[in-house]
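Accompanying notes for the structure given below.
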Amino acid sequence: MAMHYRWSYLNDQEKFLRAEFGRGLSESRDRAQRDAAAAPLMLAMQAYLPRVGITRETIPAIERSYGELLDILDAHFMLHPYILGGRPSDADFGLMGPLFAHLARDPYPCTLMKSRAPNVFRWTEGMNTPDIFDGEFAEIDACYPRDDSIPETLEPLLTHIFKDWGPELFANADNYNAWVKGNPSLKPGDLVSAGGDRRVHPSLGNISYVLGRQNLQSVAAPQALWHFDKALRRARALSGVAGKQFDALVQRTGGGGLMAITLARPLKRENYVLVVG
């Protein structure tokens, strides 16, 4: 979604993007020199869109999913200043990556967010302030729920994540497990790479999955599995009442299958690259 709204609407925001990329890539105060420095990287990023499944045919499904996400989050942030109530959590900081850096700053998606989900835009502003307290929510303590519950407005968010983002994770897991099976001589510490090249974001070929009713083709992303597996291990470590509460929540929101994903070999990150555990 972030890549789509940044690059598919380039004609609506090219001057802004050139300024931002140029600022990071050139010390010059000359606009032409900054634009020249920005151009190669911008072209490379635009060319990457088909690799992550963004095509003319898939754009409607991507925009539908993003619109639903905005509606769900807007309803939540109407009632709560942060994801888990009165204090920022890992979830807030994780969502800020794409929701602020791309979608609340670039002119086209920024206008969309303000128009369709003003409470989400306000949340991005609040996340960029040094204080946790928000006068709009003066009655809410700056803490997480004391009974380990989550706001009811988060269940639609989890349902949306499992429904729309789960298929890609399933496809990545199947791809990775097949790669492991096809390489029985893998040793702990070996690179996760189809061609042996050392990359921060490696790929193991291509995957196919469904978003809504639209089929998407993209490069496989074991990096996503590495992140997700960390959450899986924490979830599976829950026991007693906490474990039962979590399992019930996952079943209500349609995530039972996704939370049962098992990787054929653990994934680790060493010296900035993914390796087999």
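Lettering and numbering for the structure tokens are positional, with chains as A, B, ... in the shown order, residues counted from 1 in each chain, and ligands counted from 1 in the shown order.
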Exercise: region 168-178 of chain A partners within 8 Å, only C-alpha atoms, chain neighbours under 3 positions left out, as a PyMOL selection string
chain A and resi 165+181-182+204+207-210+220-222+224-225+258+261-265
From a DSSP pass on the backbone, collect the residues of region 117-268 of chain A flagged as strand (DSSP E or B) and hand them back as a list in words.
Leu191, Asn206, Ile207, Ser208, Tyr209, Val210, Leu211, Gln214, Asn215, Leu216, Gln217, Ser218, Val219, Leu267 and Lys268 of chain A
Which one of A:Leu84, A:Met127, A:Leu154, A:Val120 sits closest to Ile140 (chain A) if you count only C-alpha atoms?
A:Leu84
Go through A:Arg51, A:Arg31, A:Arg6, A:Arg122 one by one, measure the shortest atom-to-atom distance of each to Leu216 (chain A) using only C-alpha atoms, and give the residue with the smallest value.
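Once distances to Leu216 (chain A) are computed over only C-alpha atoms, the minimum belongs to A:Arg51.
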In Å and to one decimal, CA of Leu274 (chain A) is distant from CA of Gln223 (chain A) by 7.4 Å
For Gly85 (chain A): contacts at 12 Å, only C-alpha atoms, fewer than 6 positions along chain excluded, given as a PDB file with C-alpha atoms, in the first residue's frame:
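Done, and the output landed in selection_33.pdb:
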ATOM      1  CA  HIS A  76     -10.547   2.833  16.812  1.00  0.00           C
ATOM      2  CA  PHE A  77      -8.700   6.149  17.121  1.00  0.00           C
ATOM      3  CA  MET A  78     -11.984   7.941  17.672  1.00  0.00           C
ATOM      4  CA  LEU A  79     -12.118   6.172  21.051  1.00  0.00           C
ATOM      5  CA  ALA A  91       2.010  -1.994  17.470  1.00  0.00           C
ATOM      6  CA  ASP A  92       1.920   1.809  17.251  1.00  0.00           C
ATOM      7  CA  ILE A 132       2.071  10.685  25.716  1.00  0.00           C
ATOM      8  CA  PHE A 133      -0.768  12.692  27.252  1.00  0.00           C
ATOM      9  CA  ASP A 134      -3.449  13.820  24.794  1.00  0.00           C
ATOM     10  CA  PHE A 137      -8.415  11.769  25.941  1.00  0.00           C
ATOM     11  CA  GLU A 139      -9.992  10.653  30.985  1.00  0.00           C
ATOM     12  CA  ILE A 140      -7.752   7.819  29.764  1.00  0.00           C
ATOM     13  CA  ASP A 141      -4.757   6.848  31.900  1.00  0.00           C
ATOM     14  CA  ALA A 142      -1.413   6.645  30.113  1.00  0.00           C
ATOM     15  CA  CYS A 143      -1.167   2.879  30.559  1.00  0.00           C
ATOM     16  CA  TYR A 144      -2.188  -0.412  28.975  1.00  0.00           C
ATOM     17  CA  PRO A 145      -5.445  -2.145  29.992  1.00  0.00           C
ATOM     18  CA  ARG A 146      -4.960  -3.518  33.481  1.00  0.00           C
ATOM     19  CA  ASP A 148      -4.827  -7.697  29.807  1.00  0.00           C
ATOM     20  CA  SER A 149      -7.802  -7.080  27.539  1.00  0.00           C
ATOM     21  CA  ILE A 150      -7.706  -5.248  24.236  1.00  0.00           C
ATOM     22  CA  PRO A 151     -10.157  -2.617  22.996  1.00  0.00           C
ATOM     23  CA  GLU A 152     -13.124  -4.115  21.155  1.00  0.00           C
ATOM     24  CA  THR A 153     -12.349  -1.870  18.196  1.00  0.00           C
ATOM     25  CA  LEU A 154      -9.150  -3.847  17.591  1.00  0.00           C
TER      26      LEU A 154
END
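Our summary of the geometry notes that CA of Tyr66 (chain A) is positioned 13.8 Å from CA of Thr159 (chain A).
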Using only C-alpha atoms, determine which residues lie at most 10 Å from Arg34 (chain A), disregarding the query and same-chain residues fewer than 6 positions distant; provide the list as a count of residues only.
11
Please identify the helix (DSSP H, G or I) residues within region 27-88 of chain A (assignment by DSSP from backbone atoms) and present them as number ranges by chain.
A: 31-47, 49-52, 59-79
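Counting from CA of Gln13 (chain A), the distance to CA of Leu49 (chain A) is 17.0 Å.
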